[in-house]
$ cat run_4.cif   # mmCIF, C-alpha atoms
data_query
loop_
_atom_site.label_atom_id
_atom_site.label_comp_id
_atom_site.auth_asym_id
_atom_site.auth_seq_id
_atom_site.Cartn_x
_atom_site.Cartn_y
_atom_site.Cartn_z
CA MET A 146 -82.71 102.71 -9.22
CA ILE A 147 -79.70 101.55 -11.07
CA PHE A 148 -78.85 103.47 -14.20
CA ALA A 149 -77.68 101.42 -17.10
CA ARG A 150 -75.47 103.11 -19.53
CA LEU A 151 -76.52 102.77 -23.10
CA ALA A 152 -74.09 101.00 -25.33
CA VAL A 153 -73.80 101.68 -28.95
CA ILE A 154 -72.72 98.83 -31.08
CA SER A 155 -71.59 99.82 -34.53
CA LEU A 156 -71.74 97.23 -37.22
CA ILE A 157 -69.57 98.01 -40.09
CA ILE A 158 -70.16 96.17 -43.26
CA LEU A 159 -67.37 96.34 -45.75
CA ASN A 160 -68.24 96.03 -49.40
CA SER A 161 -64.72 96.21 -50.63
CA GLU A 162 -61.30 97.10 -49.20
CA VAL A 163 -58.02 98.58 -50.30
CA ILE A 164 -55.29 98.80 -47.66
CA LYS A 165 -52.50 101.27 -48.07
CA GLY A 166 -50.21 101.89 -45.17
CA ASN A 167 -52.34 102.56 -42.14
CA GLU A 168 -55.41 103.66 -44.12
CA ILE A 169 -58.24 101.66 -45.56
CA SER A 170 -60.06 103.05 -48.54
CA GLY A 171 -63.31 101.81 -49.91
CA THR A 172 -66.98 101.99 -49.40
CA PHE A 173 -68.53 100.82 -46.26
CA GLN A 174 -71.72 101.23 -44.34
CA VAL A 175 -72.21 102.11 -40.77
CA CYS A 176 -75.06 100.64 -38.89
CA ASN A 177 -75.78 101.99 -35.51
CA LEU A 178 -77.53 99.78 -33.00
CA GLN A 179 -79.13 101.47 -30.16
CA CYS A 180 -79.53 99.60 -26.89
CA SER A 181 -81.89 100.56 -24.28
CA ASN A 182 -82.26 99.82 -20.66
CA GLU A 183 -85.60 99.84 -19.01
CA GLY A 184 -87.23 101.33 -22.06
CA GLU A 185 -84.75 104.08 -22.52
CA THR A 186 -83.07 104.54 -25.87
CA SER A 187 -79.60 105.97 -26.35
CA PRO A 188 -79.04 108.65 -28.90
CA PRO A 189 -77.41 107.57 -32.10
CA VAL A 190 -73.70 107.71 -32.45
CA SER A 191 -72.42 110.33 -34.76
CA ASP A 192 -70.59 109.41 -37.89
CA ASN A 193 -67.35 111.10 -36.94
CA ILE A 194 -66.81 108.79 -33.95
CA LEU A 195 -65.62 106.01 -36.18
CA ARG A 196 -62.51 106.31 -38.13
CA ALA A 197 -61.45 103.98 -40.87
CA SER A 198 -57.89 103.50 -39.46
CA THR A 199 -59.17 102.13 -36.16
CA LEU A 200 -62.02 100.01 -37.44
CA LEU A 201 -59.62 97.24 -38.66
CA ARG A 202 -57.57 96.68 -35.42
CA GLY A 203 -58.24 98.41 -32.22
CA LYS A 204 -55.76 99.09 -29.47
CA SER A 205 -55.47 96.66 -26.53
CA GLY A 206 -57.44 97.62 -23.55
CA PRO A 207 -56.09 97.58 -19.99
CA ARG A 208 -55.72 94.15 -18.12
CA GLY A 209 -58.81 93.36 -16.16
CA ASP A 210 -58.70 92.75 -12.41
CA LYS A 211 -57.84 89.21 -11.13
CA GLY A 212 -60.90 87.17 -10.43
CA LYS A 213 -61.64 85.69 -7.01
CA VAL A 214 -60.43 82.22 -6.09
CA GLY A 215 -63.05 79.62 -6.83
CA HIS A 216 -64.47 77.16 -4.32
CA THR A 217 -62.31 74.07 -3.41
CA GLY A 218 -63.19 71.12 -5.64
CA ALA A 219 -64.32 67.73 -4.29
CA LYS A 220 -61.65 65.12 -3.22
CA GLY A 221 -60.49 62.93 -6.10
CA ALA A 222 -60.52 59.11 -6.05
CA HIS A 223 -57.40 57.14 -4.84
CA GLY A 224 -54.83 56.58 -7.57
CA GLU A 225 -53.35 53.11 -8.40
CA LYS A 226 -50.51 51.77 -6.14
CA GLY A 227 -47.12 52.89 -7.38
CA GLU A 228 -44.08 50.59 -7.96
CA ASP A 229 -41.84 49.68 -4.99
CA GLY A 230 -39.22 52.27 -4.35
CA ARG A 231 -35.46 51.53 -4.30
CA GLN A 232 -33.70 50.50 -1.08
CA GLY A 233 -32.87 53.44 1.05
CA VAL A 234 -29.35 54.49 2.02
CA LYS A 235 -27.92 52.87 5.19
CA GLY A 236 -28.62 55.09 8.15
CA SER A 237 -25.92 56.40 10.44
CA HIS A 238 -24.91 54.65 13.68
CA GLY A 239 -27.14 55.24 16.65
CA ALA A 240 -25.97 57.12 19.65
CA LYS A 241 -23.68 55.27 22.12
CA GLY A 242 -25.56 53.69 25.00
CA GLN A 243 -24.99 54.55 28.59
CA VAL A 244 -22.27 52.87 30.66
CA GLY A 245 -23.57 49.91 32.67
CA ARG A 246 -23.55 49.81 36.39
CA GLN A 247 -20.44 48.60 38.25
CA GLY A 248 -20.48 44.89 39.25
CA LEU A 249 -20.43 43.59 42.76
CA LYS A 250 -17.12 43.31 44.51
CA GLY A 251 -15.62 39.78 44.45
CA GLU A 252 -14.40 37.80 47.40
CA ASP A 253 -10.96 38.48 48.76
CA GLY A 254 -8.29 36.26 47.05
CA THR A 255 -5.57 34.35 48.81
CA SER A 256 -2.14 35.81 49.01
CA SER A 257 0.57 34.68 46.55
CA ASN A 258 2.46 32.94 49.38
CA GLU A 259 -0.57 30.88 50.33
CA THR A 260 -0.98 29.79 46.69
CA LEU A 261 2.66 28.76 46.43
CA ILE A 262 2.44 26.81 49.68
CA GLN A 263 -0.59 24.92 48.39
CA GLN A 264 1.17 24.09 45.13
CA LEU A 265 4.20 22.77 47.01
CA GLN A 266 2.03 20.64 49.24
CA ASN A 267 0.34 19.16 46.16
CA ARG A 268 3.74 18.41 44.60
CA ILE A 269 4.93 16.73 47.81
CA THR A 270 1.88 14.50 47.69
CA GLU A 271 2.63 13.59 44.06
CA LEU A 272 6.27 12.81 44.87
CA GLU A 273 5.28 10.64 47.79
CA SER A 274 3.01 8.70 45.42
CA ASP A 275 5.84 8.44 42.87
CA ALA A 276 8.23 7.21 45.54
CA THR A 277 5.81 4.45 46.44
CA MET A 278 5.54 3.46 42.80
CA ILE A 279 9.32 3.52 42.37
CA GLN A 280 9.72 1.22 45.33
CA GLN A 281 7.15 -1.15 43.85
CA LEU A 282 9.03 -1.17 40.54
CA GLN A 283 12.32 -1.87 42.28
CA ASN A 284 10.74 -4.77 44.10
CA ARG A 285 9.42 -6.10 40.78
CA ILE A 286 12.85 -5.80 39.17
CA THR A 287 14.39 -7.76 42.01
CA GLN A 288 11.71 -10.40 41.57
CA LEU A 289 12.31 -10.61 37.82
CA GLU A 290 16.04 -10.87 38.30
CA GLY A 291 15.46 -13.86 40.51
CA GLU A 292 13.08 -15.38 37.97
CA SER A 293 15.62 -14.66 35.22
CA ASP A 294 18.25 -16.68 37.03
CA VAL A 295 15.79 -19.54 37.25
CA MET A 296 14.89 -19.14 33.56
CA LYS A 297 18.56 -19.19 32.59
CA ASN A 298 18.86 -22.53 34.30
CA LEU A 299 15.80 -23.82 32.48
CA ARG A 300 16.45 -22.06 29.13
CA PRO A 301 20.21 -21.70 28.59
CA GLN A 302 21.34 -19.34 25.87
CA ASN A 303 24.60 -21.07 24.97
CA CYS A 304 26.69 -24.16 25.59
CA SER A 305 28.80 -22.53 28.31
CA GLN A 306 25.70 -21.91 30.45
CA ILE A 307 24.80 -25.57 30.12
CA LYS A 308 28.31 -26.55 31.19
CA GLU A 309 28.18 -24.10 34.12
CA GLN A 310 24.87 -25.52 35.33
CA ASN A 311 25.96 -29.11 34.76
CA PRO A 312 29.73 -29.61 35.00
CA GLU A 313 29.27 -33.32 34.21
CA ALA A 314 27.65 -32.62 30.82
CA THR A 315 29.24 -34.44 27.87
CA THR A 316 29.61 -33.49 24.23
CA GLY A 317 26.32 -33.91 22.42
CA LYS A 318 23.07 -32.26 21.36
CA TYR A 319 21.35 -29.65 23.48
CA ARG A 320 18.65 -27.02 23.03
CA ILE A 321 19.63 -23.39 23.50
CA TYR A 322 17.53 -20.20 23.39
CA LYS A 323 18.60 -16.94 21.79
CA HIS A 324 16.35 -15.15 24.29
CA LEU A 325 14.22 -16.33 27.18
CA PHE A 326 10.99 -16.51 25.21
CA SER A 327 12.23 -18.03 21.93
CA ASP A 328 11.36 -21.55 20.80
CA GLY A 329 15.00 -22.54 20.92
CA GLU A 330 17.13 -24.57 18.52
CA GLN A 331 19.00 -27.83 18.74
CA VAL A 332 22.79 -27.55 18.62
CA THR A 333 25.80 -29.70 19.35
CA CYS A 334 27.90 -28.61 22.31
CA ASP A 335 31.51 -29.58 22.82
CA MET A 336 31.75 -30.14 26.57
CA THR A 337 35.40 -31.25 26.67
CA SER A 338 36.36 -27.86 28.09
CA ASP A 339 34.13 -24.98 29.24
CA GLY A 340 31.40 -25.70 26.74
CA SER A 341 31.39 -24.37 23.18
CA LEU A 342 29.21 -24.68 20.13
CA LEU A 343 30.41 -27.50 17.94
CA GLN A 344 29.81 -26.79 14.27
CA LEU A 345 29.02 -30.02 12.48
CA LYS A 346 29.69 -30.10 8.76
CA ASN A 347 27.39 -32.93 7.66
CA CYS A 348 24.89 -35.49 8.90
CA LYS A 349 27.54 -38.13 9.52
CA GLU A 350 29.25 -35.87 12.08
CA VAL A 351 25.89 -35.26 13.73
CA PHE A 352 25.40 -39.00 14.04
CA GLU A 353 28.89 -39.54 15.41
CA ILE A 354 28.29 -37.00 18.16
CA ASP A 355 24.82 -38.35 18.93
CA PRO A 356 24.26 -41.98 17.84
CA SER A 357 20.68 -41.69 19.11
CA ALA A 358 19.87 -38.93 16.60
CA THR A 359 16.79 -39.63 14.50
CA ASP A 360 15.73 -38.65 11.00
CA GLY A 361 15.04 -34.93 10.69
CA VAL A 362 16.32 -31.47 9.88
CA TYR A 363 19.66 -30.38 11.37
CA ALA A 364 21.84 -27.29 11.10
CA ILE A 365 25.26 -27.98 9.59
CA GLN A 366 28.15 -25.68 8.77
CA ILE A 367 29.16 -26.28 5.17
CA ASN A 368 31.96 -23.68 5.44
CA PRO A 369 33.29 -21.39 8.21
CA SER A 370 30.78 -18.66 7.34
CA THR A 371 27.73 -20.61 6.09
CA THR A 372 25.30 -22.69 8.13
CA ILE A 373 22.32 -24.35 6.43
CA ASN A 374 19.50 -26.69 7.39
CA VAL A 375 19.57 -30.14 5.83
CA TYR A 376 17.51 -33.30 6.16
CA CYS A 377 19.52 -36.15 7.72
CA ASP A 378 18.55 -39.76 6.97
CA MET A 379 19.93 -41.32 10.15
CA THR A 380 18.09 -44.61 9.75
CA GLY A 381 19.88 -45.48 6.54
CA GLY A 382 23.35 -44.49 7.74
CA ALA A 383 23.57 -40.75 8.35
CA TRP A 384 23.04 -39.54 4.78
CA THR A 385 22.74 -35.86 3.89
CA VAL A 386 19.73 -35.51 1.55
CA PHE A 387 19.97 -32.98 -1.31
CA GLN A 388 16.92 -33.94 -3.41
CA LYS A 389 13.54 -35.36 -2.41
CA ARG A 390 10.27 -35.72 -4.34
CA PHE A 391 7.18 -37.68 -3.40
CA ASP A 392 3.91 -35.82 -4.12
CA GLY A 393 4.52 -32.97 -6.60
CA SER A 394 3.89 -30.26 -3.99
CA GLU A 395 7.05 -28.32 -4.87
CA ASN A 396 7.55 -26.48 -8.15
CA PHE A 397 10.68 -27.82 -9.89
CA ARG A 398 10.40 -25.56 -12.95
CA ARG A 399 13.10 -23.19 -11.71
CA ASN A 400 15.76 -21.09 -13.40
CA PHE A 401 19.51 -21.64 -13.14
CA ASN A 402 20.01 -19.28 -10.18
CA GLU A 403 17.30 -21.05 -8.19
CA TYR A 404 18.89 -24.42 -8.89
CA SER A 405 22.21 -22.92 -7.75
CA GLU A 406 20.89 -21.66 -4.39
CA GLY A 407 18.22 -24.29 -3.71
CA PHE A 408 14.49 -24.19 -2.98
CA GLY A 409 11.79 -25.95 -0.98
CA ASP A 410 11.56 -27.14 2.63
CA PRO A 411 14.24 -29.68 3.71
CA SER A 412 11.56 -31.66 5.55
CA GLN A 413 9.38 -31.80 2.42
CA GLU A 414 10.07 -31.80 -1.32
CA HIS A 415 13.20 -29.77 -2.00
CA TRP A 416 16.45 -29.23 -3.88
CA LEU A 417 19.40 -28.29 -1.63
CA GLY A 418 21.21 -26.22 -4.26
CA LEU A 419 24.20 -26.86 -6.54
CA ASN A 420 26.37 -24.37 -4.66
CA HIS A 421 25.70 -26.10 -1.33
CA ILE A 422 26.22 -29.55 -2.85
CA HIS A 423 29.55 -28.37 -4.25
CA GLN A 424 30.68 -27.09 -0.83
CA LEU A 425 29.61 -30.32 0.87
CA THR A 426 31.48 -32.53 -1.58
CA SER A 427 34.54 -30.27 -1.27
CA GLN A 428 34.94 -31.22 2.39
CA PRO A 429 37.70 -33.73 3.20
CA GLY A 430 36.91 -37.38 2.53
CA ARG A 431 35.38 -39.40 -0.26
CA TRP A 432 31.74 -38.80 -0.93
CA ILE A 433 29.35 -41.42 -2.21
CA LEU A 434 25.88 -40.99 -3.77
CA ARG A 435 22.79 -43.10 -3.23
CA VAL A 436 19.59 -42.74 -5.28
CA ASP A 437 16.41 -44.30 -3.85
CA LEU A 438 13.52 -44.84 -6.30
CA GLU A 439 9.91 -45.97 -6.10
CA THR A 440 7.49 -46.48 -8.99
CA PHE A 441 3.76 -45.75 -8.91
CA GLY A 442 3.33 -49.51 -8.88
CA GLY A 443 5.09 -49.67 -5.48
CA GLU A 444 8.38 -51.18 -6.72
CA THR A 445 11.51 -49.81 -4.99
CA ALA A 446 15.12 -49.80 -6.15
CA TYR A 447 18.40 -47.99 -5.53
CA ALA A 448 21.58 -47.01 -7.32
CA GLN A 449 24.83 -46.19 -5.49
CA TYR A 450 27.98 -44.53 -6.85
CA GLU A 451 31.24 -44.79 -4.95
CA VAL A 452 32.43 -41.37 -5.97
CA PHE A 453 30.32 -38.24 -6.17
CA ASN A 454 31.40 -34.65 -6.64
CA VAL A 455 29.89 -31.44 -8.06
CA GLY A 456 32.35 -28.91 -9.47
CA ALA A 457 32.50 -25.20 -8.77
CA GLY A 458 31.57 -22.19 -10.85
CA THR A 459 28.64 -21.92 -13.21
CA ASP A 460 29.10 -25.35 -14.77
CA TYR A 461 28.64 -27.51 -11.66
CA THR A 462 30.19 -30.45 -13.52
CA LEU A 463 29.18 -33.92 -12.31
CA SER A 464 31.76 -36.54 -11.35
CA ILE A 465 30.65 -40.05 -10.40
CA GLY A 466 32.40 -43.37 -9.76
CA SER A 467 31.48 -47.03 -10.01
CA TYR A 468 27.89 -48.16 -9.76
CA SER A 469 26.16 -50.72 -7.54
CA GLY A 470 22.48 -51.44 -6.82
CA ASN A 471 19.35 -52.87 -8.49
CA ALA A 472 17.94 -49.82 -10.29
CA GLY A 473 20.28 -49.99 -13.32
CA ASP A 474 23.08 -47.56 -14.10
CA SER A 475 21.23 -44.63 -15.64
CA MET A 476 23.85 -42.06 -14.51
CA GLU A 477 26.90 -43.49 -16.30
CA HIS A 478 26.28 -41.46 -19.46
CA HIS A 479 26.00 -38.25 -17.42
CA ASN A 480 29.47 -38.41 -15.89
CA GLY A 481 31.36 -35.19 -16.75
CA ALA A 482 28.19 -33.33 -17.83
CA ARG A 483 27.42 -29.74 -16.91
CA PHE A 484 24.13 -28.73 -15.33
CA SER A 485 21.43 -27.21 -17.56
CA THR A 486 17.97 -25.81 -17.12
CA TYR A 487 15.50 -23.97 -19.35
CA ASP A 488 17.35 -20.62 -19.16
CA ARG A 489 20.91 -22.00 -19.42
CA ASP A 490 21.75 -24.66 -22.02
CA GLN A 491 25.12 -26.31 -21.24
CA ASP A 492 24.52 -29.82 -22.61
CA GLY A 493 26.49 -29.67 -25.87
CA TYR A 494 23.54 -31.02 -27.84
CA SER A 495 22.42 -29.25 -31.03
CA GLY A 496 19.07 -28.64 -29.38
CA ALA A 497 18.22 -28.00 -25.71
CA CYS A 498 17.94 -31.18 -23.64
CA SER A 499 16.16 -29.24 -20.90
CA ASP A 500 13.34 -28.56 -23.36
CA ILE A 501 13.35 -32.13 -24.72
CA HIS A 502 13.19 -33.74 -21.27
CA ASN A 503 11.23 -30.85 -19.72
CA GLY A 504 13.54 -30.73 -16.73
CA ALA A 505 16.84 -29.56 -15.19
CA TRP A 506 19.74 -32.04 -15.02
CA TRP A 507 23.31 -32.95 -15.92
CA PHE A 508 22.45 -33.48 -19.58
CA THR A 509 25.08 -34.68 -22.07
CA SER A 510 25.50 -34.14 -25.80
CA ALA A 511 23.04 -37.01 -26.24
CA CYS A 512 20.85 -35.75 -23.37
CA GLY A 513 21.13 -39.03 -21.38
CA TYR A 514 19.16 -41.76 -19.59
CA SER A 515 18.01 -40.10 -16.40
CA SER A 516 16.17 -36.89 -15.43
CA LEU A 517 14.88 -36.78 -11.86
CA ASN A 518 14.20 -33.02 -11.78
CA ALA A 519 11.39 -33.11 -14.35
CA PHE A 520 9.29 -29.95 -14.23
CA VAL A 521 6.00 -31.86 -14.08
CA TYR A 522 5.36 -34.53 -11.44
CA ASN A 523 3.88 -37.81 -12.76
CA ASP A 524 4.27 -36.76 -16.39
CA GLU A 525 3.81 -39.91 -18.52
CA ARG A 526 4.61 -38.27 -21.82
CA TYR A 527 7.53 -39.71 -23.74
CA ASN A 528 10.83 -38.69 -22.15
CA LYS A 529 9.16 -35.87 -20.11
CA GLY A 530 8.76 -37.32 -16.60
CA MET A 531 11.04 -38.27 -13.68
CA ILE A 532 12.89 -40.89 -15.72
CA TRP A 533 15.40 -43.56 -14.63
CA TYR A 534 15.49 -45.39 -17.92
CA TYR A 535 17.28 -48.63 -16.99
CA LEU A 536 14.93 -49.46 -14.14
CA LYS A 537 12.30 -50.64 -16.66
CA ASP A 538 13.91 -49.67 -19.98
CA SER A 539 11.13 -47.13 -20.35
CA TRP A 540 10.92 -43.48 -21.39
CA THR A 541 7.31 -43.18 -20.28
CA MET A 542 7.31 -44.61 -16.75
CA PRO A 543 7.88 -41.74 -14.27
CA MET A 544 9.02 -42.35 -10.71
CA LYS A 545 6.65 -41.76 -7.81
CA THR A 546 9.36 -40.94 -5.24
CA THR A 547 13.04 -40.09 -5.57
CA THR A 548 15.68 -39.34 -2.92
CA MET A 549 19.25 -38.33 -3.68
CA LYS A 550 21.63 -38.33 -0.68
CA ILE A 551 25.37 -38.28 0.01
CA LYS A 552 27.83 -39.03 2.82
CA THR A 553 31.58 -39.40 3.39
CA ILE A 554 33.40 -42.67 4.05
#

$ encode --input "run_4.cif" --output "structure tokens"
Amino acid sequence: MIFARLAVISLIILNSEVIKGNEISGTFQVCNLQCSNEGETSPPVSDNILRASTLLRGKSGPRGDKGKVGHTGAKGAHGEKGEDGRQGVKGSHGAKGQVGRQGLKGEDGTSSNETLIQQLQNRITELESDATMIQQLQNRITQLEGESDVMKNLRPQNCSQIKEQNPEATTGKYRIYKHLFSDGEQVTCDMTSDGSLLQLKNCKEVFEIDPSATDGVYAIQINPSTTINVYCDMTGGAWTVFQKRFDGSENFRRNFNEYSEGFGDPSQEHWLGLNHIHQLTSQPGRWILRVDLETFGGETAYAQYEVFNVGAGTDYTLSIGSYSGNAGDSMEHHNGARFSTYDRDQDGYSGACSDIHNGAWWFTSACGYSSLNAFVYNDERYNKGMIWYYLKDSWTMPMKTTTMKIKTI
């Protein structure tokens, strides 16, 4: 049988309180509750057990013993997935692997002497091949030298070779070649001695050397240091042509320098050049001028002047003599005139005759009555075309063809 100690619970009911220091004064009642266990009643608590100073706040009792650990709770539910973590720090290098196994032993190599011997043998083979090639080249050179001798006979490079090949050759025209494969050029060779190049100064000399020469372009030496190509009219008497127009293919609107040096193709429309004309007419002898004309209606005429000369310098002054022919003397008024073109006015007129006549010519202070270097071919405007006024007493009838040529007598 378990004995249960009776507990006395005192209920203190305060009616009023006065606190002074550690004492409480006032009236109060004490009620004693008696508890019983199994029908047993504890005796009442005496009044002196309670004191007023301890009824307000009792002292702390000793700490109770630690309770036993409770049972483990049930497993909680999975939490939500967390955010991705940051990249981890680079790990350290792994441990060095083991050394591989040794490879198989290679085949025995040749000795250095054997290698050198093989290289020398290869070089000997190469040299033998080169020697064969060299011999072939030497044979080819010998062959070419023989062909060259033949080619020299067929394609001589100068007059002396022609004379050497043909001792009976006479002075005349021959074709020489600056090198074996050039087209060659026609020259006059003086064969009176060992054969030398004869420099002809005009078309008349060409004709005298070769009376069978035909119309065409020839090289002449107008001074010791200048050789030019000119068109020679052999049919009419070995004239040297310095102006020719017939279809308007060449541009005659040129400045003063161009008229000084010449332009165009001697075999086509062209102007030989004032400087060259001056040097030609400065050669010994008396030079004469012939002008051949043709109208668009097919009528032909000519004018010839027994003296013709072009002065030096920048003036290129014209000098002409007496006239003959059937074209009318349209050059008389131009005697003594200086040459003018659009960029150099030397006519003495208050205006510019080159602009008035639209051409380049020996214009006078009154401009004049002829202008065969009109800038525009077949220009029928008043006083603008290739005019020879006294042929038809017309300022508006241009010529279809004109040829100006000279020779010595």

$ closest_residue --input "run_4.cif" --among "A:Thr372, A:Lys550, A:Asp355, A:Asn518" --to "A:Asn396" --atoms "all atoms listed in the file"
A:Asn518

$ atom_distance --input "run_4.cif" --atom1 "atom CA of A:Phe401" --atom2 "atom CA of A:Gly493"
16.6 Å

$ residues_near_point --input "run_4.cif" --point "(11.8, -32.8, -20.9)" --cutoff "8 Å" --atoms "all atoms listed in the file" --output "PyMOL selection string"
chain A and resi 498-504+519-520+528-530

$ closest_residue --input "run_4.cif" --among "A:Val332, A:Leu434, A:Leu272, A:Val375" --to "A:Gly418" --atoms "only C-alpha atoms"
A:Val375

$ resolve_selection --input "run_4.cif" --expression "the PyMOL selection byres ((chain A and resi 395) around 12)" --output "ChimeraX atom specification"
/A:388-394,396-399,407-416,518-522

$ atom_distance --input "run_4.cif" --atom1 "atom CA of A:Asp492" --atom2 "atom CA of A:Ile422"
19.8 Å

$ atom_distance --input "run_4.cif" --atom1 "atom CA of A:Ala364" --atom2 "atom CA of A:Tyr322"
14.8 Å

$ resolve_selection --input "run_4.cif" --expression "the PyMOL selection byres ((chain A and resi 318) around 12)" --output "PyMOL selection string"
chain A and resi 303-304+307+314-317+319-321+330-336+340-345+350-359+363-364

$ closest_residue --input "run_4.cif" --among "A:Asn267, A:Thr546, A:Gln281, A:Gln243" --to "A:Glu444" --atoms "all atoms listed in the file"
A:Thr546

$ closest_residue --input "run_4.cif" --among "A:Gln280, A:Thr260, A:Asn347, A:Thr445" --to "A:Cys377" --atoms "all atoms listed in the file"
A:Asn347

$ build_atoms --input "run_4.cif" --residues "stretch 356-378 of chain A" --atoms "N, CA and C atoms" --output "PDB file, in the coordinates of the input"
ATOM      1  N   PRO A 356      24.727 -40.761  18.517  1.00  0.00           N
ATOM      2  CA  PRO A 356      24.260 -41.980  17.840  1.00  0.00           C
ATOM      3  C   PRO A 356      22.768 -42.222  17.985  1.00  0.00           C
ATOM      4  N   SER A 357      22.132 -41.523  18.939  1.00  0.00           N
ATOM      5  CA  SER A 357      20.680 -41.690  19.110  1.00  0.00           C
ATOM      6  C   SER A 357      19.873 -40.727  18.241  1.00  0.00           C
ATOM      7  N   ALA A 358      20.564 -39.902  17.456  1.00  0.00           N
ATOM      8  CA  ALA A 358      19.870 -38.930  16.600  1.00  0.00           C
ATOM      9  C   ALA A 358      18.943 -39.633  15.629  1.00  0.00           C
ATOM     10  N   THR A 359      17.779 -39.041  15.396  1.00  0.00           N
ATOM     11  CA  THR A 359      16.790 -39.630  14.500  1.00  0.00           C
ATOM     12  C   THR A 359      16.682 -38.819  13.204  1.00  0.00           C
ATOM     13  N   ASP A 360      15.931 -39.347  12.267  1.00  0.00           N
ATOM     14  CA  ASP A 360      15.730 -38.650  11.000  1.00  0.00           C
ATOM     15  C   ASP A 360      15.119 -37.268  11.262  1.00  0.00           C
ATOM     16  N   GLY A 361      15.591 -36.279  10.531  1.00  0.00           N
ATOM     17  CA  GLY A 361      15.040 -34.930  10.690  1.00  0.00           C
ATOM     18  C   GLY A 361      15.954 -33.864  10.139  1.00  0.00           C
ATOM     19  N   VAL A 362      15.575 -32.630  10.386  1.00  0.00           N
ATOM     20  CA  VAL A 362      16.320 -31.470   9.880  1.00  0.00           C
ATOM     21  C   VAL A 362      17.338 -31.032  10.934  1.00  0.00           C
ATOM     22  N   TYR A 363      18.585 -30.811  10.485  1.00  0.00           N
ATOM     23  CA  TYR A 363      19.660 -30.380  11.370  1.00  0.00           C
ATOM     24  C   TYR A 363      20.413 -29.215  10.715  1.00  0.00           C
ATOM     25  N   ALA A 364      21.010 -28.398  11.588  1.00  0.00           N
ATOM     26  CA  ALA A 364      21.840 -27.290  11.100  1.00  0.00           C
ATOM     27  C   ALA A 364      23.278 -27.779  10.976  1.00  0.00           C
ATOM     28  N   ILE A 365      23.858 -27.608   9.808  1.00  0.00           N
ATOM     29  CA  ILE A 365      25.260 -27.980   9.590  1.00  0.00           C
ATOM     30  C   ILE A 365      26.011 -26.787   9.025  1.00  0.00           C
ATOM     31  N   GLN A 366      27.304 -26.786   9.248  1.00  0.00           N
ATOM     32  CA  GLN A 366      28.150 -25.680   8.770  1.00  0.00           C
ATOM     33  C   GLN A 366      28.952 -26.175   7.576  1.00  0.00           C
ATOM     34  N   ILE A 367      28.509 -25.768   6.371  1.00  0.00           N
ATOM     35  CA  ILE A 367      29.160 -26.280   5.170  1.00  0.00           C
ATOM     36  C   ILE A 367      30.484 -25.564   4.889  1.00  0.00           C
ATOM     37  N   ASN A 368      30.669 -24.372   5.484  1.00  0.00           N
ATOM     38  CA  ASN A 368      31.960 -23.680   5.440  1.00  0.00           C
ATOM     39  C   ASN A 368      32.016 -22.764   6.658  1.00  0.00           C
ATOM     40  N   PRO A 369      33.164 -22.188   6.970  1.00  0.00           N
ATOM     41  CA  PRO A 369      33.290 -21.390   8.210  1.00  0.00           C
ATOM     42  C   PRO A 369      32.269 -20.270   8.351  1.00  0.00           C
ATOM     43  N   SER A 370      31.705 -19.796   7.248  1.00  0.00           N
ATOM     44  CA  SER A 370      30.780 -18.660   7.340  1.00  0.00           C
ATOM     45  C   SER A 370      29.347 -19.002   6.937  1.00  0.00           C
ATOM     46  N   THR A 371      29.066 -20.253   6.585  1.00  0.00           N
ATOM     47  CA  THR A 371      27.730 -20.610   6.090  1.00  0.00           C
ATOM     48  C   THR A 371      27.170 -21.815   6.835  1.00  0.00           C
ATOM     49  N   THR A 372      26.018 -21.617   7.463  1.00  0.00           N
ATOM     50  CA  THR A 372      25.300 -22.690   8.130  1.00  0.00           C
ATOM     51  C   THR A 372      23.949 -22.863   7.441  1.00  0.00           C
ATOM     52  N   ILE A 373      23.586 -24.085   7.103  1.00  0.00           N
ATOM     53  CA  ILE A 373      22.320 -24.350   6.430  1.00  0.00           C
ATOM     54  C   ILE A 373      21.582 -25.481   7.140  1.00  0.00           C
ATOM     55  N   ASN A 374      20.302 -25.586   6.879  1.00  0.00           N
ATOM     56  CA  ASN A 374      19.500 -26.690   7.390  1.00  0.00           C
ATOM     57  C   ASN A 374      19.402 -27.781   6.331  1.00  0.00           C
ATOM     58  N   VAL A 375      19.647 -29.007   6.755  1.00  0.00           N
ATOM     59  CA  VAL A 375      19.570 -30.140   5.830  1.00  0.00           C
ATOM     60  C   VAL A 375      18.751 -31.252   6.491  1.00  0.00           C
ATOM     61  N   TYR A 376      18.226 -32.129   5.641  1.00  0.00           N
ATOM     62  CA  TYR A 376      17.510 -33.300   6.160  1.00  0.00           C
ATOM     63  C   TYR A 376      18.509 -34.453   6.264  1.00  0.00           C
ATOM     64  N   CYS A 377      18.596 -35.037   7.472  1.00  0.00           N
ATOM     65  CA  CYS A 377      19.520 -36.150   7.720  1.00  0.00           C
ATOM     66  C   CYS A 377      18.739 -37.468   7.790  1.00  0.00           C
ATOM     67  N   ASP A 378      19.120 -38.409   6.940  1.00  0.00           N
ATOM     68  CA  ASP A 378      18.550 -39.760   6.970  1.00  0.00           C
ATOM     69  C   ASP A 378      19.437 -40.601   7.884  1.00  0.00           C
TER      70      ASP A 378
END
